[in-house]
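Down below is the structure, laid out as structure tokens.
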Amino acid sequence: MKRKVQIMYHKNAGIFRRLFCGIMISAMVCTQTVPVFATSKAEKEKQEAQKKLNEANKQAQDAANKKNAAQNQVSKLTTDLTDLLSDIKVLENDMANKEKEIKQAESDYQEAKKEEEKQYLAMKKRIQYMYEKGDTEYMDIFLQVKDMSDLLNKAEYVEGIYTYDRKMLVKFQETKQQVADYKEDLEEDKNEMEVMELEYKDQKKQLETLIATKKKEVSNFDSQLAQAKKDADLYAQTVAKKNEEIRKTKEEEARKKAAEQARKKAEEDARKKAASNTGSRSTNNNNKYSGPSASKSTGGTAQGRSVADYGLQFVGNPYVFGGTSLTNGTDCSGFVQGVYRHFGYSLPRSSSEQRSVGAEVPYSDAQPGDLICYAGHIGIYIGNGQIVHASSPATGIKVGTATYRTILSVRRVIQ
């Protein structure tokens, strides 16, 4: 009996131990599973939180970028507006000065015309007196002579009248023509500047429209606009000082040119006098000075002259606003761009952008091929104070004086 009890005890004890071990193992498994589930959930929440933080940061950065982009765009537009305002101010000043010159030319023309008519009528009356009405009196002049010397003096007197009348008539006719030509040139210049003024007013309107769309995005825009106007005034003053230097250079060029022409004329007069004294009727065309040719550039480098001479080939072709064809029609910047493209240079399209290419040089050092930049306009220097440029619809591509209006910059593309 006792033996049976012991056997049953040991048997139950084994069962108990196995049951206890199972319980312990289950407990251990449960204690390990709960932390794994908790850790996984926390990690997921952390990742979601990080994702939201990243999205929030991205949105904040995007907002900052958009604001900076808007500010940069407005800043650029403000800079463009400053340049435009200053260019228009320069252009308006040029227009006002040109208007005064045109009025003066008109006055000079009318005065020259009156003097020419007055001289013609006076000469006509003297001719009528001596030939038509005063044949007898005219003959009396010679009948009253006392000797041959007196006769020669009388004849020289009559001949002197003719010579004086003829010289004065020619002089006033030349004056009248010169003033008329000058007036025509001024009117062409005025026509071109009026075209440029219209173009710039249109550009100004476009810029102001664009700025208006960005104005709400920048709180201090009004102060920026005010600063732009101040900068434009300062820039215009700087341009005025620069062009005072150019004016002095132009006067020096005119002085040298006048001195050279005087020297050439003195040489020609001396040659004619020598030929007259020897009775020679021959002429030496090689010594004749005809001034700078419009078909060729002078001075500078060979490459610069090549650019200028290539542009000169298109003189007489039409001006077309927005055009780029050197033969069928182009505007000023299209002309410059097309000429330089022929030599492998890629220049911007607009005259304002072309004003920043190459290196700036003073006008006194300008060489053929350099770009002469104006307010809303541009041309190619060909030497001797002249440019070739697509001028206006009225004049097309032509050769003109480089200093006919305010020069903003001289750019050398070919070094």
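FYI, nothing fancy with the structure tokens labels: chains A, B, ... in order, residues from 1 per chain, ligands from 1 as they appear.
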Report the closest atom pair, with its distance in Å rounded to one decimal, for each residue of range 298-330 of chain A that has an atom no farther than 8 Å from range 398-408 of chain A; count only C-alpha atoms, sort by chain and then rising residue number, and write it as a Markdown table.
```
| residue | atom | partner | partner_atom | distance |
| --- | --- | --- | --- | --- |
| A:Leu312 | CA | A:Val399 | CA | 7.9 |
| A:Val315 | CA | A:Lys398 | CA | 5.0 |
| A:Gly316 | CA | A:Lys398 | CA | 6.1 |
```
- Neighbour list for Ser346 in chain A as a PyMOL selection string, cut-off 12 Å, only C-alpha atoms, skip fewer than 2 positions in-chain: chain A and resi 334+336-344+348-349+354+357-358+413
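For Gln203 in chain A, the non-local neighbours within 12 Å, defined as residues at least 4 positions apart in the same chain or in other chains and counting only C-alpha atoms, are A:Leu77, A:Asp80, A:Leu81, A:Asp83, A:Leu84, A:Leu85, A:Asp87, A:Ile88, A:Met196, A:Glu197, A:Leu198, A:Glu199, A:Leu207, A:Glu208, A:Thr209, A:Leu210, A:Ser350, A:Ser352, A:Gly376.
With only C-alpha atoms taken into account, the protein and nucleic acid residues at most 8 Å from Ser392 in chain A (excluding it and anything under 3 positions from it in its own chain) are A:Asn191, A:Glu192, A:Val195, A:Tyr319, A:Val320, A:Asp331, A:Thr395, A:Gly396, A:Ile397.
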- Assign secondary structure with DSSP using the backbone only, and return the residues of range 200-414 of chain A in alpha helix (DSSP H) as a PyMOL selection string. chain A and resi 200-215+221-277+302-312+332-341+351-354
- When distances are computed from only C-alpha atoms, which of A:His389, A:Lys176, A:Lys125, A:Arg247 shows the smallest separation from Lys113 in chain A?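 Among the listed residues, A:Lys176 lies closest to Lys113 in chain A.
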List the spatial neighbours of range 294-308 of chain A as an mmCIF file with N, CA and C atoms, in the first residue's frame - criterion: any atom at most 9 Å away, only C-alpha atoms, same-chain residues fewer than 3 positions off excluded.
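Heads up, here's the output in part_17.cif:
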```cif
data_model
loop_
_atom_site.group_PDB
_atom_site.id
_atom_site.type_symbol
_atom_site.label_atom_id
_atom_site.label_comp_id
_atom_site.auth_asym_id
_atom_site.auth_seq_id
_atom_site.Cartn_x
_atom_site.Cartn_y
_atom_site.Cartn_z
ATOM 1 N N GLY A 311 28.711 95.111 -91.577
ATOM 2 C CA GLY A 311 27.473 95.833 -91.283
ATOM 3 C C GLY A 311 27.170 96.898 -92.322
ATOM 4 N N LEU A 312 28.197 97.533 -92.853
ATOM 5 C CA LEU A 312 28.009 98.580 -93.850
ATOM 6 C C LEU A 312 27.419 98.050 -95.157
ATOM 7 N N GLN A 313 27.572 96.754 -95.399
ATOM 8 C CA GLN A 313 27.019 96.170 -96.627
ATOM 9 C C GLN A 313 25.498 96.267 -96.681
ATOM 10 N N VAL A 315 23.575 98.830 -95.529
ATOM 11 C CA VAL A 315 23.045 100.196 -95.520
ATOM 12 C C VAL A 315 21.996 100.346 -96.620
ATOM 13 N N VAL A 339 24.858 90.843 -87.366
ATOM 14 C CA VAL A 339 26.214 91.125 -87.842
ATOM 15 C C VAL A 339 27.230 90.303 -87.052
ATOM 16 N N TYR A 340 27.093 90.275 -85.736
ATOM 17 C CA TYR A 340 28.052 89.540 -84.917
ATOM 18 C C TYR A 340 27.895 88.028 -85.067
ATOM 19 N N HIS A 342 27.419 86.519 -87.748
ATOM 20 C CA HIS A 342 28.184 86.163 -88.947
ATOM 21 C C HIS A 342 29.634 85.827 -88.595
ATOM 22 N N PHE A 343 30.129 86.386 -87.498
ATOM 23 C CA PHE A 343 31.516 86.153 -87.083
ATOM 24 C C PHE A 343 31.622 85.170 -85.920
ATOM 25 N N ALA A 366 37.025 104.464 -78.628
ATOM 26 C CA ALA A 366 36.172 103.615 -79.457
ATOM 27 C C ALA A 366 36.873 103.216 -80.750
ATOM 28 N N GLN A 367 36.674 101.948 -81.151
ATOM 29 C CA GLN A 367 37.259 101.414 -82.371
ATOM 30 C C GLN A 367 36.164 100.781 -83.229
ATOM 31 N N PRO A 368 36.408 100.636 -84.539
ATOM 32 C CA PRO A 368 35.423 99.952 -85.390
ATOM 33 C C PRO A 368 35.067 98.584 -84.825
ATOM 34 N N GLY A 369 33.786 98.278 -84.826
ATOM 35 C CA GLY A 369 33.297 97.026 -84.265
ATOM 36 C C GLY A 369 32.747 97.165 -82.866
ATOM 37 N N ASP A 370 33.097 98.241 -82.150
ATOM 38 C CA ASP A 370 32.559 98.455 -80.804
ATOM 39 C C ASP A 370 31.072 98.779 -80.887
ATOM 40 N N ILE A 380 26.814 100.089 -84.342
ATOM 41 C CA ILE A 380 28.182 99.590 -84.450
ATOM 42 C C ILE A 380 29.084 100.728 -84.911
ATOM 43 N N TYR A 381 30.131 100.975 -84.170
ATOM 44 C CA TYR A 381 31.057 102.055 -84.494
ATOM 45 C C TYR A 381 31.879 101.684 -85.723
ATOM 46 N N ILE A 382 32.081 102.643 -86.648
ATOM 47 C CA ILE A 382 32.852 102.367 -87.862
ATOM 48 C C ILE A 382 34.066 103.279 -87.985
ATOM 49 N N GLY A 383 34.304 104.120 -86.967
ATOM 50 C CA GLY A 383 35.434 105.036 -87.006
ATOM 51 C C GLY A 383 35.021 106.433 -87.414
ATOM 52 N N ASN A 384 35.940 107.401 -87.188
ATOM 53 C CA ASN A 384 35.690 108.799 -87.565
ATOM 54 C C ASN A 384 34.408 109.361 -86.966
ATOM 55 N N GLN A 386 31.533 107.899 -86.441
ATOM 56 C CA GLN A 386 30.318 107.463 -87.106
ATOM 57 C C GLN A 386 29.927 106.045 -86.691
ATOM 58 N N ILE A 387 28.638 105.745 -86.854
ATOM 59 C CA ILE A 387 28.117 104.411 -86.588
ATOM 60 C C ILE A 387 27.283 103.950 -87.770
ATOM 61 N N VAL A 388 27.109 102.634 -87.880
ATOM 62 C CA VAL A 388 26.129 102.067 -88.796
ATOM 63 C C VAL A 388 25.082 101.399 -87.910
ATOM 64 N N VAL A 399 24.215 105.096 -92.043
ATOM 65 C CA VAL A 399 25.395 105.599 -91.352
ATOM 66 C C VAL A 399 25.048 106.940 -90.738
ATOM 67 N N ILE A 414 35.069 92.427 -79.303
ATOM 68 C CA ILE A 414 36.281 91.856 -79.897
ATOM 69 C C ILE A 414 37.488 92.486 -79.226
ATOM 70 N N GLN A 415 38.238 91.707 -78.441
ATOM 71 C CA GLN A 415 39.397 92.216 -77.721
ATOM 72 C C GLN A 415 40.657 92.147 -78.585
#
```
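With only C-alpha atoms as the atoms that count, the residue of A:Tyr235, A:Tyr109, A:Tyr120, A:Tyr200 with the shortest distance to Thr175 in chain A is A:Tyr109.
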- Query: Could you pull the residues within 7 Å of Ala105 in chain A, counting only C-alpha atoms, minus those fewer than 3 positions along the same chain, as a ChimeraX atom specification?
  - Reply: /A:101-102,108-109,179,183
- Message: Taking only range 237-406 of chain A into account, list the residues labelled strand (DSSP E) by DSSP (computed from the backbone), as a PyMOL selection string.
- Response: chain A and resi 324-325+329-330+359-360+371-374+377-383+386-392+396-401
- Task: One decimal, Å: what's the distance from CA of Arg355 in chain A over to CA of Glu253 in chain A, could you say?
- Result: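 So the answer is 24.8 Å.
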- Message: Under the rule that only C-alpha atoms are counted, which of A:Thr163, A:Ser40, A:Asp189, A:Lys171 is the nearest residue to Lys98 in chain A?
- Response: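 Smallest distance to Lys98 in chain A is found for A:Asp189.
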